[in-house]
Every structure is written in structure tokens, then in C-alpha cells.
Amino acid sequence: MNPLKLAIVGGGPSAFYVASRLLNLLPASSIHGANMRIHMYDRSWAPHGLVRYGVAPDHPEVKNCTHKFDEAATDPRLSFFGNVSITSSQSQNSIPTSSQPTLTQPLTTLFQNYTHLLLATGAPTPVLHSSLPPSTHCIPALSLVHWYTAHPSYTSSFTTATSSSHPLPVPSLDKISHVTLIGQGNVALDVARILLTPVSILSKYDIRSSVLDVLATSAVKHVSIVGRRGPYEAAFTTKELREMINLTEASMVPIEPDLLNPSEGKVVTRQQGRMVDLLKKGSKNKFGTTAKTWSLDFFRSPLGLEVPIASSVLPQIKAVLTLGHNTLDPVTSRAIPTSQTSTLETDLVVTSLGFCSEPSAPYYDPALGHLRNVGGRVVSISPAEGTGYGSEGGRVLKNVYASGWAANGAKGVLASTMLNAYTVADTILSDYFAAAPPASSDPTPVQATSIPSSPPSPEELVTEEVMNCSPNPSDPPTVVTEAVKDGRVLTYGDWKKIDQEEIRRGEENGKERERMNWEEVCAFLRRVVG
């Protein structure tokens, strides 16, 4: 039986949880575990995905999971290769992220060099609103998140921000007094909180000094957070709401009491009750006593944005956002448009409507918004993928899997991501051992029998083989090995050096860490590695 050699595309939480689970279930002391190899590829030079580039800087406790990832990476059977972009195209042309050159390889390279493949690519593409096309006055929340987390793909130039991988840049905040967020999820509240929190508080967290400098000059005085439904349907959590309510230098516009009363016959959950109680009490600071304010605007949907024409005579003229008024269907809880509308003058509209997998990703299903799979097993969906997809509904690609948001859509928290990853890891090993049961001489046969079996359904038995059943048992593709030697591709060892240096630089300034960009990383590694 050939050793399991797994390529993972993506270096975020799901990828590390799957790797960790596999390493634990097949220890190096076992026959099948001794020669197992896991190679993880991420197009960012740093690992950990949304934990590094999505979690709000003032939520450091959420990043504690990286300790488990560090532990997994100490196993020599796991290798991380950062700054490698895996595409469905045969093209070798790299899409530049800022000034960072990535090594781009087609997916077929992994087919040829591995027995198994896991796609843990997340959901990095923001969902846009049809009435609000991106412009200098309307950007996705991802732009702000990429900016304040120093994501490698962030660019400050409108001319290079031409794709979902390069969101529009953040406009100068010193000319913006009113921001409107469309969407009432946790990301929206993260953005609002960062914009309204004093720099003196943010400065101790994991935020680049250049970002803090911009926030220090911010003229933002009010943030409107718009949602199409009511307070009982809002997607943000109690924790996020409480943080907004307790902002030290901002206050909440009081909500009309009638909006906080449940409709007749509505069953109010415990969490909904807690959130509504917080909304009834209002913010810690009384409205009218602070220079900065925020509001939750319920039952409103954007219908269009009238962008002002630039003028030297009226340089501060605002955009006009038209909002449709909604009511709630008492049976389905869906937002129902009414004939009423209103307008809101604002400087910047930020859409925060969720995320989906990249439409250009292999096996992406636009109807689902994520990769098509059955129980974590990837299903091909078009003739272009060589399967003759039709009435049979596609074919399961043998030994090709998906996990996390890439497989299930952008939903859930780290705990649910971990549970899904463990289930997919179990599926990988279940399929692996189903092909050839472990030898009786294996000193740890219980590892295989303890894995929950996930037998394929009759439809899943229609499979297609795309992976190599007998590749080089341990080495990555030669082009990756060469790129590691010339410093273009980074390893986990490189990352740990960078991690320690970022923390050291941060401690010098009394903060959690000072993030480095690609140029700073290269200069640092040349100095310490040579």
C-alpha cells in the first residue's frame, strides 16, 4: 500500500485542523504514519489564513488556536509552503499581490505529485450588492479588513484593484465623517468598532503603525449600520454588540421602542433576548454626550447610490444612498419591500454581505457559493473538468476533498471549522484504508478502526481518478523546492522567525506585534538567514 501523500491548498484554520487530525490519528510510530507526508500551500507568505488576516486586531484571544497549529508544524511530516498560488489554469503567470511575486502553479501539478488533495481555500470573495457597484464611494468590508490586517494582497492604488483578490483601497479617512455599513453581521461591527475606537486603545494591538497613523487622522463621526430585517434577525453576536455598546468615546442612537417588541406569537431565543435587552438599555455613553455616534438602522435595503461629481467648489459634498423600507414576513421571517423609501447622505458605503469561494476556483458551484462536494469529497461539475457532468450529477474525484468554508460556505466559527475539519480528516483516512486495510503487524491498528466510517452512497461510487497513485513519496514538486532555495517561497521555519521578529518589534513599541510587509520580510530573512 502506497504511503499517503497529501497536498493541502490553503493554510488557514481548516487546513491546519485537518493536518493536525491526520498526524494524530496516524502517528509516526505506525506503519502507515511513518511515511505519510502533508504539504500545505498558501498563496500568502504567512500561514493561518483568517486567523491572521480576518480576526479583528482587538480580539487577540481568538488567535490562541495558532498554538495548536505551531504544534502540528513541529511534526517533520508536515511542510508549509507560503507564497504559492495554485490555479485551475495551465498559465504560469503570477498575479502580483502588491509588489510580492508569487509562485503560480496549475492544479495539475498537485495531481501529478500527490496521492491525495485537500482544497481548504476558504471563501475569500466578498458578496456584492447589485444596487451598489464598487467605486471610490462604495467598497466591500473586505477592503477595510485587508487594510487594517496588512493582508499581502491589499493595494492602495485604484488602478491595480481590479479583481476580487484585490479589493478597492480604503479612501482617505481624514475626509470622511459619515460611513454607512450595509449588513449587520460580526464583520460589519468589527469595521464599525475599529473606526470608532480611539487610537490610544488600538495602539496596543496587532495593527501596523502605518494603519494607526491613518486612523489617528480619521474624521469619522458617525457610522450607520443598515440591515434589511429587524433586531431579532440581526446576525451579529451578543459579544460583538456589547463591545459596540461599551465604546469609550462613542454612543448609540436610541432605537425606537416599538422595533424592539417581538411580533405576536414570535418565539424569542435566549440569545435574541439578551441582545434586545442590551439594545433597550442603550450604550454606556448617553447619546448626545459624545462626539462620535453610531446607529443600527433596521428594516432598510439599499436601492442605489448617487455619487457626487468631484468639484473644487464643493469638495465635501456627500453621496446620497437611497434606502427601501421593509417589513417582515411573520411566517418566513423574510424581508418584504414596501413602497416607502428614504435617503441618507454619506461619505462612504461599505458592503458587508458575506463571502463566497472564488468563482474561478476549480469545482466552484455558483448556485452554492462554494466548492461542490458530498461529505467532503469533491464532485466535478462540468465537461471542462473532464467528467461529462450531466444528469448523473457529476462524479466524485477519488482522493480529492474539501473542508471548511471552501466546502460549506462562509458560516460558523472556529469551533465549527475544527469539527468539520476533523470529519473530513476521518473521511480521508476511511477512504485510504478502505482501499487496502492496514497490515496486522501495524503496532497501532486501532488508529484505523477508530476512525468513523463514511461509506459512499451509490451515486458517490461513480468516481474518477485524477491523483497519482505512486508519486515521489516525500518531495514536493521540483519547482517548489527551487523556489524555497531562492527565498521566493517561505517555509514554516521562516514564518516562526518572522513571527518572533514581529513580536519583538511590537514589544519595543508597547504593542502585541508590529506586522511586516513582503519587502520587510525579505530584508529580514536575508539578514538572519543569509
# chains A, B, ... in the order shown; residues from 1 in each chain; ligands from 1
$ residues_around --residues "Ser200 of chain A" --least-positions-apart "4" --cutoff "10 Å" --atoms "only C-alpha atoms" --output "list of chain:residue names"
A:Lys204, A:Leu212, A:Ala216
$ write_last_selection --atoms "C-alpha atoms" --output "compact mmCIF listing (two decimals), in the first residue's frame"
# COMPACT_ATOMS: atom_id res chain seq x y z
CA LYS A 204 -1.56 48.10 21.94
CA LEU A 212 -2.73 53.61 13.27
CA ALA A 216 -5.33 58.99 14.06
$ residues_around --residues "Val400 of chain A" --least-positions-apart "4" --cutoff "8 Å" --atoms "only C-alpha atoms" --output "PyMOL selection string"
chain A and resi 116-119+377-378+467
$ select_by_dssp --residues "segment 146-321 of chain A" --states "alpha helix (DSSP H)" --output "VMD selection string"
chain A and resid 146 to 148 186 to 196 199 to 202 209 to 216 238 to 245 270 to 281
$ write_last_selection --atoms "N, CA and C atoms" --output "compact mmCIF listing (two decimals), in the first residue's frame"
# COMPACT_ATOMS: atom_id res chain seq x y z
N HIS A 146 -8.69 43.90 4.97
CA HIS A 146 -7.35 43.70 4.40
C HIS A 146 -6.42 44.85 4.75
N TRP A 147 -6.96 46.05 4.81
CA TRP A 147 -6.13 47.21 5.15
C TRP A 147 -5.64 47.14 6.59
N TYR A 148 -6.56 46.95 7.54
CA TYR A 148 -6.09 47.01 8.93
C TYR A 148 -5.43 45.72 9.42
N ASN A 186 -21.10 40.19 12.17
CA ASN A 186 -19.95 40.49 13.02
C ASN A 186 -18.87 41.29 12.29
N VAL A 187 -18.69 41.03 10.99
CA VAL A 187 -17.68 41.78 10.25
C VAL A 187 -18.04 43.26 10.20
N ALA A 188 -19.32 43.55 10.00
CA ALA A 188 -19.77 44.94 9.98
C ALA A 188 -19.48 45.63 11.30
N LEU A 189 -19.75 44.93 12.39
CA LEU A 189 -19.50 45.52 13.71
C LEU A 189 -18.00 45.64 13.98
N ASP A 190 -17.21 44.70 13.47
CA ASP A 190 -15.74 44.83 13.59
C ASP A 190 -15.27 46.12 12.94
N VAL A 191 -15.72 46.37 11.72
CA VAL A 191 -15.31 47.56 10.98
C VAL A 191 -15.75 48.82 11.72
N ALA A 192 -17.00 48.83 12.16
CA ALA A 192 -17.52 49.99 12.89
C ALA A 192 -16.71 50.25 14.15
N ARG A 193 -16.40 49.20 14.87
CA ARG A 193 -15.65 49.34 16.14
C ARG A 193 -14.24 49.88 15.90
N ILE A 194 -13.57 49.39 14.86
CA ILE A 194 -12.22 49.87 14.56
C ILE A 194 -12.27 51.36 14.21
N LEU A 195 -13.29 51.77 13.46
CA LEU A 195 -13.39 53.17 13.05
C LEU A 195 -13.73 54.10 14.21
N LEU A 196 -14.39 53.59 15.25
CA LEU A 196 -14.86 54.43 16.35
C LEU A 196 -14.03 54.29 17.63
N VAL A 199 -7.43 55.63 18.94
CA VAL A 199 -6.13 55.05 18.57
C VAL A 199 -5.32 54.71 19.82
N SER A 200 -5.52 55.45 20.89
CA SER A 200 -4.79 55.18 22.13
C SER A 200 -5.10 53.79 22.67
N ILE A 201 -6.29 53.27 22.35
CA ILE A 201 -6.66 51.91 22.76
C ILE A 201 -6.18 50.89 21.73
N LEU A 202 -6.37 51.19 20.46
CA LEU A 202 -5.98 50.25 19.40
C LEU A 202 -4.48 50.06 19.32
N SER A 209 1.73 50.23 12.43
CA SER A 209 1.82 51.64 12.80
C SER A 209 1.29 52.55 11.70
N SER A 210 1.49 52.15 10.44
CA SER A 210 1.01 52.97 9.33
C SER A 210 -0.51 53.05 9.32
N VAL A 211 -1.19 51.97 9.74
CA VAL A 211 -2.64 51.97 9.84
C VAL A 211 -3.09 52.86 10.99
N LEU A 212 -2.40 52.77 12.12
CA LEU A 212 -2.73 53.61 13.27
C LEU A 212 -2.57 55.09 12.93
N ASP A 213 -1.56 55.40 12.13
CA ASP A 213 -1.35 56.80 11.72
C ASP A 213 -2.54 57.33 10.94
N VAL A 214 -3.09 56.50 10.06
CA VAL A 214 -4.26 56.91 9.27
C VAL A 214 -5.48 57.06 10.18
N LEU A 215 -5.67 56.10 11.08
CA LEU A 215 -6.81 56.17 11.99
C LEU A 215 -6.72 57.40 12.90
N ALA A 216 -5.50 57.82 13.21
CA ALA A 216 -5.33 58.99 14.06
C ALA A 216 -5.82 60.27 13.39
N THR A 238 -23.94 38.56 20.56
CA THR A 238 -24.08 39.39 21.77
C THR A 238 -22.74 40.00 22.15
N LYS A 239 -21.67 39.24 22.01
CA LYS A 239 -20.33 39.74 22.36
C LYS A 239 -19.97 40.97 21.52
N GLU A 240 -20.20 40.88 20.21
CA GLU A 240 -19.87 41.99 19.33
C GLU A 240 -20.73 43.21 19.66
N LEU A 241 -22.00 43.00 19.93
CA LEU A 241 -22.88 44.11 20.26
C LEU A 241 -22.45 44.77 21.57
N ARG A 242 -22.10 43.96 22.55
CA ARG A 242 -21.69 44.51 23.84
C ARG A 242 -20.43 45.38 23.68
N GLU A 243 -19.52 44.96 22.82
CA GLU A 243 -18.32 45.76 22.59
C GLU A 243 -18.67 47.11 21.97
N MET A 244 -19.64 47.13 21.08
CA MET A 244 -20.06 48.40 20.49
C MET A 244 -20.71 49.29 21.55
N ILE A 245 -21.54 48.71 22.37
CA ILE A 245 -22.25 49.46 23.39
C ILE A 245 -21.29 50.06 24.42
N ARG A 270 -32.92 32.63 23.63
CA ARG A 270 -32.18 33.21 24.75
C ARG A 270 -31.21 34.28 24.26
N GLN A 271 -30.50 33.97 23.16
CA GLN A 271 -29.53 34.93 22.62
C GLN A 271 -30.24 36.18 22.11
N GLN A 272 -31.36 36.00 21.43
CA GLN A 272 -32.11 37.16 20.94
C GLN A 272 -32.59 38.02 22.10
N GLY A 273 -33.03 37.40 23.15
CA GLY A 273 -33.49 38.14 24.32
C GLY A 273 -32.38 38.96 24.95
N ARG A 274 -31.18 38.36 25.04
CA ARG A 274 -30.03 39.09 25.61
C ARG A 274 -29.67 40.29 24.75
N MET A 275 -29.68 40.09 23.43
CA MET A 275 -29.29 41.19 22.55
C MET A 275 -30.31 42.32 22.60
N VAL A 276 -31.59 41.98 22.60
CA VAL A 276 -32.61 43.02 22.65
C VAL A 276 -32.56 43.76 23.98
N ASP A 277 -32.25 43.05 25.06
CA ASP A 277 -32.11 43.71 26.36
C ASP A 277 -30.98 44.74 26.32
N LEU A 278 -29.89 44.39 25.66
CA LEU A 278 -28.78 45.34 25.52
C LEU A 278 -29.20 46.55 24.70
N LEU A 279 -29.95 46.32 23.65
CA LEU A 279 -30.40 47.42 22.81
C LEU A 279 -31.37 48.34 23.55
N LYS A 280 -32.19 47.78 24.42
CA LYS A 280 -33.12 48.59 25.20
C LYS A 280 -32.36 49.49 26.18
N LYS A 281 -31.31 48.96 26.78
CA LYS A 281 -30.53 49.74 27.74
C LYS A 281 -29.74 50.84 27.05
$ select_by_dssp --residues "segment 188-269 of chain A" --states "strand (DSSP E)" --output "list in words"
His222, Val223, Ser224, Ile225, Val226, Ala250, Ser251 and Met252 of chain A
$ residues_around --residues "Arg526 of chain A" --least-positions-apart "2" --cutoff "12 Å" --atoms "only C-alpha atoms" --output "PyMOL selection string"
chain A and resi 486-488+494+497-498+519-524+528-530
$ residues_around --residues "Asp75 of chain A" --least-positions-apart "5" --cutoff "12 Å" --atoms "only C-alpha atoms" --output "list in words"
Ala19, Ser20, Leu22, Leu23, Asn24, Leu26, Pro27, Ala28, Gly33, Ala34, Met36, Arg37, Ile38, His39, Lys68, Phe69, Asp70, Phe80, Tyr492 and Gly493 of chain A
$ closest_residue --among "A:Leu525, A:Val179, A:Val379, A:Ala367" --to "Asp499 of chain A" --atoms "only C-alpha atoms"
A:Leu525
$ residues_around --residues "Gly409 of chain A" --least-positions-apart "2" --cutoff "9 Å" --atoms "only C-alpha atoms" --output "ChimeraX atom specification"
/A:122-123,355-357,368-371,404-407,411-412
$ write_last_selection --atoms "C-alpha atoms" --output "PDB file, in the first residue's frame"
ATOM      1  CA  GLY A 122     -11.875  29.347   2.288  1.00  0.00           C
ATOM      2  CA  ALA A 123     -14.338  31.938   0.992  1.00  0.00           C
ATOM      3  CA  PHE A 355     -18.405  35.848   1.337  1.00  0.00           C
ATOM      4  CA  CYS A 356     -18.184  33.035  -1.185  1.00  0.00           C
ATOM      5  CA  SER A 357     -15.449  30.904  -2.705  1.00  0.00           C
ATOM      6  CA  LEU A 368     -23.893  27.030  -3.816  1.00  0.00           C
ATOM      7  CA  GLY A 369     -21.256  29.739  -3.494  1.00  0.00           C
ATOM      8  CA  HIS A 370     -18.641  27.136  -2.575  1.00  0.00           C
ATOM      9  CA  LEU A 371     -16.924  24.039  -3.949  1.00  0.00           C
ATOM     10  CA  GLY A 404     -14.083  24.467   5.937  1.00  0.00           C
ATOM     11  CA  TRP A 405     -15.653  27.425   4.203  1.00  0.00           C
ATOM     12  CA  ALA A 406     -14.456  26.156   0.827  1.00  0.00           C
ATOM     13  CA  ALA A 407     -16.727  23.140   1.286  1.00  0.00           C
ATOM     14  CA  LYS A 411     -20.554  30.302   8.059  1.00  0.00           C
ATOM     15  CA  GLY A 412     -19.702  29.176  11.540  1.00  0.00           C
TER      16      GLY A 412
END
$ residues_around --residues "Glu502 of chain A" --least-positions-apart "5" --cutoff "7 Å" --atoms "only C-alpha atoms" --output "VMD selection string"
chain A and resid 513 to 516
$ write_last_selection --atoms "N, CA, C and O atoms" --output "tab-separated table (two decimals), in the first residue's frame"
chain	number	residue	atom	x	y	z
A	513	ARG	N	2.30	43.15	18.48
A	513	ARG	CA	3.29	42.87	17.45
A	513	ARG	C	3.28	44.00	16.44
A	513	ARG	O	2.33	44.79	16.38
A	514	GLU	N	4.33	44.09	15.63
A	514	GLU	CA	4.37	45.03	14.51
A	514	GLU	C	4.51	44.22	13.24
A	514	GLU	O	5.56	43.61	12.99
A	515	ARG	N	3.46	44.17	12.45
A	515	ARG	CA	3.46	43.33	11.26
A	515	ARG	C	4.42	43.85	10.20
A	515	ARG	O	4.57	45.05	10.02
A	516	MET	N	5.01	42.89	9.50
A	516	MET	CA	5.92	43.23	8.41
A	516	MET	C	5.22	42.99	7.08
A	516	MET	O	4.39	42.09	6.95
$ residues_around --residues "Ser156 of chain A" --least-positions-apart "3" --cutoff "8 Å" --atoms "only C-alpha atoms" --output "count of residues only"
3
$ decode --residues "segment 354-378 of chain A" --atoms "N, CA, C and O atoms" --output "short mmCIF file (atom, residue, chain, number, x, y, z; two decimals), in the first residue's frame"
data_model
loop_
_atom_site.label_atom_id
_atom_site.label_comp_id
_atom_site.auth_asym_id
_atom_site.auth_seq_id
_atom_site.Cartn_x
_atom_site.Cartn_y
_atom_site.Cartn_z
N GLY A 354 -21.39 39.14 3.41
CA GLY A 354 -20.94 37.75 3.39
C GLY A 354 -19.89 37.49 2.32
O GLY A 354 -19.46 38.40 1.61
N PHE A 355 -19.50 36.23 2.22
CA PHE A 355 -18.41 35.85 1.34
C PHE A 355 -18.74 34.54 0.64
O PHE A 355 -19.58 33.76 1.09
N CYS A 356 -18.05 34.30 -0.47
CA CYS A 356 -18.18 33.04 -1.18
C CYS A 356 -16.80 32.60 -1.67
O CYS A 356 -15.84 33.37 -1.60
N SER A 357 -16.71 31.36 -2.12
CA SER A 357 -15.45 30.90 -2.70
C SER A 357 -15.20 31.65 -4.00
O SER A 357 -16.11 32.22 -4.60
N GLU A 358 -13.97 31.65 -4.45
CA GLU A 358 -13.63 32.34 -5.69
C GLU A 358 -14.33 31.66 -6.87
O GLU A 358 -14.19 30.45 -7.06
N PRO A 359 -15.07 32.43 -7.67
CA PRO A 359 -15.75 31.84 -8.82
C PRO A 359 -14.80 31.15 -9.81
O PRO A 359 -15.22 30.25 -10.53
N SER A 360 -13.54 31.58 -9.82
CA SER A 360 -12.58 30.96 -10.74
C SER A 360 -11.96 29.69 -10.17
O SER A 360 -11.20 29.01 -10.86
N ALA A 361 -12.29 29.35 -8.92
CA ALA A 361 -11.70 28.17 -8.28
C ALA A 361 -12.20 26.90 -8.95
O ALA A 361 -13.36 26.83 -9.40
N PRO A 362 -11.35 25.89 -9.05
CA PRO A 362 -11.82 24.62 -9.61
C PRO A 362 -12.93 24.03 -8.75
O PRO A 362 -12.89 24.11 -7.53
N TYR A 363 -13.94 23.47 -9.41
CA TYR A 363 -15.06 22.79 -8.77
C TYR A 363 -16.00 23.75 -8.03
O TYR A 363 -16.79 23.33 -7.20
N TYR A 364 -15.90 25.04 -8.34
CA TYR A 364 -16.81 26.02 -7.74
C TYR A 364 -18.20 25.88 -8.35
O TYR A 364 -18.36 25.77 -9.56
N ASP A 365 -19.20 25.89 -7.50
CA ASP A 365 -20.60 25.81 -7.95
C ASP A 365 -21.26 27.14 -7.63
O ASP A 365 -21.50 27.47 -6.46
N PRO A 366 -21.59 27.96 -8.64
CA PRO A 366 -22.17 29.28 -8.38
C PRO A 366 -23.51 29.21 -7.66
O PRO A 366 -23.89 30.15 -6.96
N ALA A 367 -24.24 28.12 -7.81
CA ALA A 367 -25.52 28.00 -7.11
C ALA A 367 -25.33 27.82 -5.61
O ALA A 367 -26.20 28.18 -4.81
N LEU A 368 -24.19 27.27 -5.23
CA LEU A 368 -23.89 27.03 -3.82
C LEU A 368 -23.04 28.13 -3.20
O LEU A 368 -23.11 28.39 -1.99
N GLY A 369 -22.18 28.75 -4.02
CA GLY A 369 -21.26 29.74 -3.49
C GLY A 369 -20.02 29.12 -2.88
O GLY A 369 -19.22 29.81 -2.26
N HIS A 370 -19.84 27.82 -3.07
CA HIS A 370 -18.64 27.14 -2.57
C HIS A 370 -18.34 25.94 -3.46
O HIS A 370 -19.04 25.70 -4.46
N LEU A 371 -17.31 25.18 -3.13
CA LEU A 371 -16.92 24.04 -3.95
C LEU A 371 -17.94 22.92 -3.79
O LEU A 371 -18.44 22.65 -2.70
N ARG A 372 -18.23 22.27 -4.90
CA ARG A 372 -19.23 21.21 -4.87
C ARG A 372 -18.60 19.96 -4.27
O ARG A 372 -17.54 19.50 -4.71
N ASN A 373 -19.25 19.41 -3.26
CA ASN A 373 -18.73 18.21 -2.61
C ASN A 373 -19.86 17.45 -1.94
O ASN A 373 -20.93 17.99 -1.67
N VAL A 374 -19.60 16.20 -1.69
CA VAL A 374 -20.54 15.35 -0.97
C VAL A 374 -19.80 14.76 0.22
O VAL A 374 -18.88 13.96 0.05
N GLY A 375 -20.15 15.22 1.41
CA GLY A 375 -19.48 14.72 2.60
C GLY A 375 -18.00 15.00 2.61
O GLY A 375 -17.22 14.21 3.17
N GLY A 376 -17.58 16.10 2.00
CA GLY A 376 -16.17 16.45 1.95
C GLY A 376 -15.45 15.93 0.74
O GLY A 376 -14.32 16.33 0.47
N ARG A 377 -16.09 15.05 -0.04
CA ARG A 377 -15.48 14.52 -1.26
C ARG A 377 -15.87 15.43 -2.43
O ARG A 377 -17.05 15.66 -2.68
N VAL A 378 -14.90 15.94 -3.14
CA VAL A 378 -15.14 16.91 -4.21
C VAL A 378 -15.81 16.23 -5.40
O VAL A 378 -15.44 15.12 -5.79
#
